[in-house]
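Heads up, data-v4.pdb below (PDB, C-alpha atoms):
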```pdb
ATOM      1  CA  PRO Y   1      94.134-111.345-170.065  1.00  0.00           C
ATOM      2  CA  LEU Y   2      90.737-112.600-171.158  1.00  0.00           C
ATOM      3  CA  PHE Y   3      87.590-112.132-169.136  1.00  0.00           C
ATOM      4  CA  ARG Y   4      83.854-112.411-169.567  1.00  0.00           C
ATOM      5  CA  ILE Y   5      82.256-109.066-170.385  1.00  0.00           C
ATOM      6  CA  ASN Y   6      78.721-109.965-169.295  1.00  0.00           C
ATOM      7  CA  GLU Y   7      77.656-112.408-166.608  1.00  0.00           C
ATOM      8  CA  TYR Y   8      75.934-114.841-168.997  1.00  0.00           C
ATOM      9  CA  ASP Y   9      78.386-114.703-171.937  1.00  0.00           C
ATOM     10  CA  ALA Y  10      79.145-118.121-173.395  1.00  0.00           C
ATOM     11  CA  GLY Y  11      82.849-117.326-173.565  1.00  0.00           C
ATOM     12  CA  TYR Y  12      85.457-114.640-173.624  1.00  0.00           C
ATOM     13  CA  TYR Y  13      85.109-111.574-175.831  1.00  0.00           C
ATOM     14  CA  LEU Y  14      87.102-108.640-177.073  1.00  0.00           C
ATOM     15  CA  SER Y  15      84.345-106.147-176.500  1.00  0.00           C
ATOM     16  CA  LYS Y  16      83.899-103.301-178.975  1.00  0.00           C
ATOM     17  CA  ALA Y  17      86.845-104.191-181.183  1.00  0.00           C
ATOM     18  CA  LEU Y  18      87.296-102.035-184.261  1.00  0.00           C
ATOM     19  CA  ILE Y  19      87.506-104.231-187.359  1.00  0.00           C
ATOM     20  CA  VAL Y  20      88.656-102.856-190.706  1.00  0.00           C
ATOM     21  CA  SER Y  21      87.842-104.698-193.932  1.00  0.00           C
ATOM     22  CA  LYS Y  22      88.017-104.039-197.670  1.00  0.00           C
ATOM     23  CA  ASP Y  23      85.875-105.355-200.474  1.00  0.00           C
ATOM     24  CA  PRO Y  24      88.011-108.007-202.237  1.00  0.00           C
ATOM     25  CA  ASP Y  25      86.284-107.111-205.518  1.00  0.00           C
ATOM     26  CA  LYS Y  26      87.463-103.488-205.166  1.00  0.00           C
ATOM     27  CA  PRO Y  27      90.649-103.631-203.032  1.00  0.00           C
ATOM     28  CA  ASP Y  28      91.982-100.232-204.134  1.00  0.00           C
ATOM     29  CA  ASN Y  29      88.699 -98.346-203.649  1.00  0.00           C
ATOM     30  CA  TYR Y  30      88.905 -96.572-200.289  1.00  0.00           C
ATOM     31  CA  GLU Y  31      85.213 -95.681-200.570  1.00  0.00           C
ATOM     32  CA  GLU Y  32      84.449 -99.410-200.186  1.00  0.00           C
ATOM     33  CA  GLN Y  33      86.457 -99.872-196.977  1.00  0.00           C
ATOM     34  CA  ASN Y  34      84.646-100.516-193.735  1.00  0.00           C
ATOM     35  CA  ALA Y  35      85.503 -99.809-190.126  1.00  0.00           C
ATOM     36  CA  GLY Y  36      83.010-101.278-187.700  1.00  0.00           C
ATOM     37  CA  THR Y  37      82.747-102.054-184.022  1.00  0.00           C
ATOM     38  CA  TYR Y  38      82.028-105.716-183.299  1.00  0.00           C
ATOM     39  CA  ARG Y  39      82.134-108.089-180.355  1.00  0.00           C
ATOM     40  CA  VAL Y  40      84.854-110.613-181.124  1.00  0.00           C
ATOM     41  CA  GLN Y  41      84.467-113.990-179.411  1.00  0.00           C
ATOM     42  CA  VAL Y  42      87.638-115.848-178.500  1.00  0.00           C
ATOM     43  CA  LYS Y  43      87.019-119.437-179.618  1.00  0.00           C
ATOM     44  CA  GLY Y  44      90.503-120.856-179.188  1.00  0.00           C
ATOM     45  CA  LYS Y  45      94.212-120.111-179.164  1.00  0.00           C
ATOM     46  CA  ASP Y  46      94.229-119.152-182.857  1.00  0.00           C
ATOM     47  CA  LYS Y  47      90.522-118.729-183.581  1.00  0.00           C
ATOM     48  CA  LEU Y  48      88.170-115.767-183.233  1.00  0.00           C
ATOM     49  CA  GLY Y  49      84.590-115.272-184.348  1.00  0.00           C
ATOM     50  CA  ILE Y  50      82.284-112.368-185.143  1.00  0.00           C
ATOM     51  CA  GLN Y  51      78.660-112.226-186.215  1.00  0.00           C
ATOM     52  CA  PRO Y  52      78.338-109.869-189.175  1.00  0.00           C
ATOM     53  CA  LEU Y  53      74.690-109.167-189.932  1.00  0.00           C
ATOM     54  CA  PRO Y  54      73.735-109.295-193.637  1.00  0.00           C
ATOM     55  CA  PHE Y  55      73.213-105.546-193.920  1.00  0.00           C
ATOM     56  CA  HIS Y  56      76.646-104.654-192.506  1.00  0.00           C
ATOM     57  CA  ASP Y  57      79.401-103.731-194.964  1.00  0.00           C
ATOM     58  CA  ILE Y  58      81.712-106.407-193.577  1.00  0.00           C
ATOM     59  CA  ALA Y  59      79.080-109.051-194.414  1.00  0.00           C
ATOM     60  CA  VAL Y  60      79.074-107.838-198.028  1.00  0.00           C
ATOM     61  CA  HIS Y  61      82.876-108.059-198.066  1.00  0.00           C
ATOM     62  CA  LEU Y  62      82.711-111.560-196.570  1.00  0.00           C
ATOM     63  CA  GLN Y  63      80.168-112.676-199.167  1.00  0.00           C
ATOM     64  CA  HIS Y  64      82.407-111.433-201.988  1.00  0.00           C
ATOM     65  CA  ALA Y  65      85.400-113.270-200.486  1.00  0.00           C
ATOM     66  CA  GLU Y  66      83.377-116.482-200.096  1.00  0.00           C
ATOM     67  CA  GLU Y  67      82.239-116.246-203.726  1.00  0.00           C
ATOM     68  CA  ARG Y  68      85.922-116.132-204.700  1.00  0.00           C
ATOM     69  CA  ASP Y  69      86.663-119.008-202.290  1.00  0.00           C
ATOM     70  CA  GLU Y  70      89.204-116.805-200.504  1.00  0.00           C
ATOM     71  CA  PRO Y  71      89.592-115.700-196.894  1.00  0.00           C
ATOM     72  CA  LEU Y  72      88.687-112.105-196.049  1.00  0.00           C
ATOM     73  CA  PRO Y  73      91.710-110.257-194.658  1.00  0.00           C
ATOM     74  CA  ILE Y  74      90.761-107.950-191.783  1.00  0.00           C
ATOM     75  CA  ALA Y  75      92.563-105.817-189.213  1.00  0.00           C
ATOM     76  CA  ILE Y  76      91.463-105.849-185.580  1.00  0.00           C
ATOM     77  CA  CYS Y  77      92.372-102.543-183.990  1.00  0.00           C
TER
END
```

Turn this file's structure into structure tokens for me.
Amino acid sequence: PLFRINEYDAGYYLSKALIVSKDPDKPDNYEEQNAGTYRVQVKGKDKLGIQPLPFHDIAVHLQHAEERDEPLPIAIC
């Protein structure tokens, strides 16, 4: 079930979800993997959103994927 975490949230969230990502430029380098805790907003039946800040490792991974014009595979744990 989905529910609002905070009274004034704009929508439903998976609060404190662990997200694992890898740098698409270095997919076999385990030193470049990232595991971070993010709030994941449920935007629709098949759509989620997160806000990676530029200094977070996942934002670097996302930038590299965007430069390749590819999606960034992630795992939500």

Selection result of the PyMOL selection byres ((chain Y and resi 43) around 12) on this file, as a PDB file with C-alpha atoms, in the coordinates of the input:
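What landed in expr_13.pdb:
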```pdb
ATOM      1  CA  LEU Y   2      90.737-112.600-171.158  1.00  0.00           C
ATOM      2  CA  ALA Y  10      79.145-118.121-173.395  1.00  0.00           C
ATOM      3  CA  GLY Y  11      82.849-117.326-173.565  1.00  0.00           C
ATOM      4  CA  TYR Y  12      85.457-114.640-173.624  1.00  0.00           C
ATOM      5  CA  TYR Y  13      85.109-111.574-175.831  1.00  0.00           C
ATOM      6  CA  LEU Y  14      87.102-108.640-177.073  1.00  0.00           C
ATOM      7  CA  VAL Y  40      84.854-110.613-181.124  1.00  0.00           C
ATOM      8  CA  GLN Y  41      84.467-113.990-179.411  1.00  0.00           C
ATOM      9  CA  VAL Y  42      87.638-115.848-178.500  1.00  0.00           C
ATOM     10  CA  GLY Y  44      90.503-120.856-179.188  1.00  0.00           C
ATOM     11  CA  LYS Y  45      94.212-120.111-179.164  1.00  0.00           C
ATOM     12  CA  ASP Y  46      94.229-119.152-182.857  1.00  0.00           C
ATOM     13  CA  LYS Y  47      90.522-118.729-183.581  1.00  0.00           C
ATOM     14  CA  LEU Y  48      88.170-115.767-183.233  1.00  0.00           C
ATOM     15  CA  GLY Y  49      84.590-115.272-184.348  1.00  0.00           C
ATOM     16  CA  ILE Y  50      82.284-112.368-185.143  1.00  0.00           C
TER      17      ILE Y  50
END
```

Separating CA of Ile58 in chain Y from CA of Pro1 in chain Y, to the nearest tenth of an Å, is a gap of 27.0 Å

Atom pair CA of Leu18 in chain Y + CA of Leu62 in chain Y, distance 16.2 Å

Contacts of Gln63 in chain Y at 10 Å (only C-alpha atoms; same-chain gap of 6+ positions) as a list in words: Asp23, Pro24, Pro54, Asp57, Asp69 and Leu72 of chain Y

Shortest contact to Pro73 in chain Y, candidates Y:His61, Y:Lys16, Y:Glu7, Y:Gln51, atoms counted only C-alpha atoms, goes to Y:His61

To box range 16-26 of chain Y, take all atoms listed in the file, fit an axis-aligned box, add 5 Å on each side, and give centre and edge lengths in Å to one decimal, as JSON.
```
{"center_x": 86.3, "center_y": -105.0, "center_z": -192.2, "size_x": 14.8, "size_y": 16.0, "size_z": 36.5}
```

Quick one: of Y:Ala65, Y:Val20, Y:Cys77, Y:Val60, who's nearest to Gly36 in chain Y, counting only C-alpha atoms?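 Closest candidate: Y:Val20.
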
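Computed from the coordinates, the CA of Phe55 in chain Y to CA of Ile5 in chain Y distance equals 25.5 Å.
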
Discussion item. Counting all atoms listed in the file, I want the residues whose atoms come within 7 Å of (90.8, -104.9, -192.4) in the file frame, returned as a list in words.
Written reply: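 Those within range, by chain then number, are Ile19, Val20, Ser21, Lys22, Pro73, Ile74, Ala75 and Ile76 of chain Y.
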
With distances taken over only C-alpha atoms, the candidate from Y:Glu66, Y:Tyr38, Y:Pro27, Y:Asp9 nearest Leu53 in chain Y is Y:Tyr38

Reconstruct N, CA, C and O atoms of range 5-29 of chain Y; output as a PDB file, in the coordinates of the input.
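As written to disk, rebuild19.pdb reads:
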```
ATOM      1  N   ILE Y   5      82.755-110.444-170.432  1.00  0.00           N
ATOM      2  CA  ILE Y   5      82.256-109.066-170.385  1.00  0.00           C
ATOM      3  C   ILE Y   5      80.941-109.004-169.623  1.00  0.00           C
ATOM      4  O   ILE Y   5      80.736-108.144-168.776  1.00  0.00           O
ATOM      5  N   ASN Y   6      80.031-109.918-169.938  1.00  0.00           N
ATOM      6  CA  ASN Y   6      78.721-109.965-169.295  1.00  0.00           C
ATOM      7  C   ASN Y   6      78.575-111.274-168.538  1.00  0.00           C
ATOM      8  O   ASN Y   6      79.137-112.300-168.920  1.00  0.00           O
ATOM      9  N   GLU Y   7      77.789-111.258-167.498  1.00  0.00           N
ATOM     10  CA  GLU Y   7      77.656-112.408-166.608  1.00  0.00           C
ATOM     11  C   GLU Y   7      77.289-113.699-167.336  1.00  0.00           C
ATOM     12  O   GLU Y   7      77.796-114.764-167.021  1.00  0.00           O
ATOM     13  N   TYR Y   8      76.421-113.624-168.339  1.00  0.00           N
ATOM     14  CA  TYR Y   8      75.934-114.841-168.997  1.00  0.00           C
ATOM     15  C   TYR Y   8      76.575-115.089-170.371  1.00  0.00           C
ATOM     16  O   TYR Y   8      76.060-115.884-171.147  1.00  0.00           O
ATOM     17  N   ASP Y   9      77.687-114.440-170.675  1.00  0.00           N
ATOM     18  CA  ASP Y   9      78.386-114.703-171.937  1.00  0.00           C
ATOM     19  C   ASP Y   9      78.822-116.160-171.998  1.00  0.00           C
ATOM     20  O   ASP Y   9      79.238-116.747-170.996  1.00  0.00           O
ATOM     21  N   ALA Y  10      78.759-116.724-173.193  1.00  0.00           N
ATOM     22  CA  ALA Y  10      79.145-118.121-173.395  1.00  0.00           C
ATOM     23  C   ALA Y  10      80.659-118.300-173.402  1.00  0.00           C
ATOM     24  O   ALA Y  10      81.149-119.415-173.311  1.00  0.00           O
ATOM     25  N   GLY Y  11      81.397-117.228-173.518  1.00  0.00           N
ATOM     26  CA  GLY Y  11      82.849-117.326-173.565  1.00  0.00           C
ATOM     27  C   GLY Y  11      83.475-115.968-173.364  1.00  0.00           C
ATOM     28  O   GLY Y  11      82.838-115.040-172.876  1.00  0.00           O
ATOM     29  N   TYR Y  12      84.711-115.884-173.773  1.00  0.00           N
ATOM     30  CA  TYR Y  12      85.457-114.640-173.624  1.00  0.00           C
ATOM     31  C   TYR Y  12      85.316-113.801-174.893  1.00  0.00           C
ATOM     32  O   TYR Y  12      85.242-114.332-175.987  1.00  0.00           O
ATOM     33  N   TYR Y  13      85.289-112.494-174.710  1.00  0.00           N
ATOM     34  CA  TYR Y  13      85.109-111.574-175.831  1.00  0.00           C
ATOM     35  C   TYR Y  13      86.113-110.433-175.773  1.00  0.00           C
ATOM     36  O   TYR Y  13      86.542-110.021-174.692  1.00  0.00           O
ATOM     37  N   LEU Y  14      86.466-109.942-176.950  1.00  0.00           N
ATOM     38  CA  LEU Y  14      87.102-108.640-177.073  1.00  0.00           C
ATOM     39  C   LEU Y  14      85.939-107.700-177.365  1.00  0.00           C
ATOM     40  O   LEU Y  14      85.379-107.709-178.457  1.00  0.00           O
ATOM     41  N   SER Y  15      85.544-106.954-176.368  1.00  0.00           N
ATOM     42  CA  SER Y  15      84.345-106.147-176.500  1.00  0.00           C
ATOM     43  C   SER Y  15      84.656-104.861-177.251  1.00  0.00           C
ATOM     44  O   SER Y  15      85.648-104.199-176.998  1.00  0.00           O
ATOM     45  N   LYS Y  16      83.805-104.544-178.203  1.00  0.00           N
ATOM     46  CA  LYS Y  16      83.899-103.301-178.975  1.00  0.00           C
ATOM     47  C   LYS Y  16      85.218-103.164-179.718  1.00  0.00           C
ATOM     48  O   LYS Y  16      85.841-102.114-179.725  1.00  0.00           O
ATOM     49  N   ALA Y  17      85.628-104.242-180.369  1.00  0.00           N
ATOM     50  CA  ALA Y  17      86.845-104.191-181.183  1.00  0.00           C
ATOM     51  C   ALA Y  17      86.537-103.515-182.514  1.00  0.00           C
ATOM     52  O   ALA Y  17      85.507-103.764-183.118  1.00  0.00           O
ATOM     53  N   LEU Y  18      87.443-102.675-182.959  1.00  0.00           N
ATOM     54  CA  LEU Y  18      87.296-102.035-184.261  1.00  0.00           C
ATOM     55  C   LEU Y  18      87.874-102.974-185.310  1.00  0.00           C
ATOM     56  O   LEU Y  18      89.035-103.368-185.230  1.00  0.00           O
ATOM     57  N   ILE Y  19      87.071-103.343-186.297  1.00  0.00           N
ATOM     58  CA  ILE Y  19      87.506-104.231-187.359  1.00  0.00           C
ATOM     59  C   ILE Y  19      87.450-103.472-188.684  1.00  0.00           C
ATOM     60  O   ILE Y  19      86.442-102.855-189.012  1.00  0.00           O
ATOM     61  N   VAL Y  20      88.555-103.523-189.411  1.00  0.00           N
ATOM     62  CA  VAL Y  20      88.656-102.856-190.706  1.00  0.00           C
ATOM     63  C   VAL Y  20      88.695-103.929-191.783  1.00  0.00           C
ATOM     64  O   VAL Y  20      89.439-104.912-191.677  1.00  0.00           O
ATOM     65  N   SER Y  21      87.869-103.758-192.815  1.00  0.00           N
ATOM     66  CA  SER Y  21      87.842-104.698-193.932  1.00  0.00           C
ATOM     67  C   SER Y  21      87.736-103.926-195.237  1.00  0.00           C
ATOM     68  O   SER Y  21      87.344-102.764-195.257  1.00  0.00           O
ATOM     69  N   LYS Y  22      88.122-104.616-196.331  1.00  0.00           N
ATOM     70  CA  LYS Y  22      88.017-104.039-197.670  1.00  0.00           C
ATOM     71  C   LYS Y  22      87.274-105.027-198.553  1.00  0.00           C
ATOM     72  O   LYS Y  22      87.356-106.232-198.361  1.00  0.00           O
ATOM     73  N   ASP Y  23      86.572-104.511-199.520  1.00  0.00           N
ATOM     74  CA  ASP Y  23      85.875-105.355-200.474  1.00  0.00           C
ATOM     75  C   ASP Y  23      86.907-106.014-201.384  1.00  0.00           C
ATOM     76  O   ASP Y  23      87.648-105.315-202.082  1.00  0.00           O
ATOM     77  N   PRO Y  24      87.005-107.355-201.397  1.00  0.00           N
ATOM     78  CA  PRO Y  24      88.011-108.007-202.237  1.00  0.00           C
ATOM     79  C   PRO Y  24      87.779-107.796-203.734  1.00  0.00           C
ATOM     80  O   PRO Y  24      88.699-107.974-204.521  1.00  0.00           O
ATOM     81  N   ASP Y  25      86.554-107.412-204.115  1.00  0.00           N
ATOM     82  CA  ASP Y  25      86.284-107.111-205.518  1.00  0.00           C
ATOM     83  C   ASP Y  25      86.781-105.721-205.915  1.00  0.00           C
ATOM     84  O   ASP Y  25      86.909-105.423-207.091  1.00  0.00           O
ATOM     85  N   LYS Y  26      87.020-104.871-204.922  1.00  0.00           N
ATOM     86  CA  LYS Y  26      87.463-103.488-205.166  1.00  0.00           C
ATOM     87  C   LYS Y  26      88.543-103.118-204.142  1.00  0.00           C
ATOM     88  O   LYS Y  26      88.374-102.172-203.365  1.00  0.00           O
ATOM     89  N   PRO Y  27      89.674-103.824-204.106  1.00  0.00           N
ATOM     90  CA  PRO Y  27      90.649-103.631-203.032  1.00  0.00           C
ATOM     91  C   PRO Y  27      91.306-102.251-202.991  1.00  0.00           C
ATOM     92  O   PRO Y  27      91.764-101.828-201.935  1.00  0.00           O
ATOM     93  N   ASP Y  28      91.340-101.547-204.105  1.00  0.00           N
ATOM     94  CA  ASP Y  28      91.982-100.232-204.134  1.00  0.00           C
ATOM     95  C   ASP Y  28      91.001 -99.075-203.969  1.00  0.00           C
ATOM     96  O   ASP Y  28      91.401 -97.921-203.994  1.00  0.00           O
ATOM     97  N   ASN Y  29      89.723 -99.377-203.795  1.00  0.00           N
ATOM     98  CA  ASN Y  29      88.699 -98.346-203.649  1.00  0.00           C
ATOM     99  C   ASN Y  29      88.479 -98.047-202.165  1.00  0.00           C
ATOM    100  O   ASN Y  29      87.849 -98.806-201.448  1.00  0.00           O
TER     101      ASN Y  29
END
```
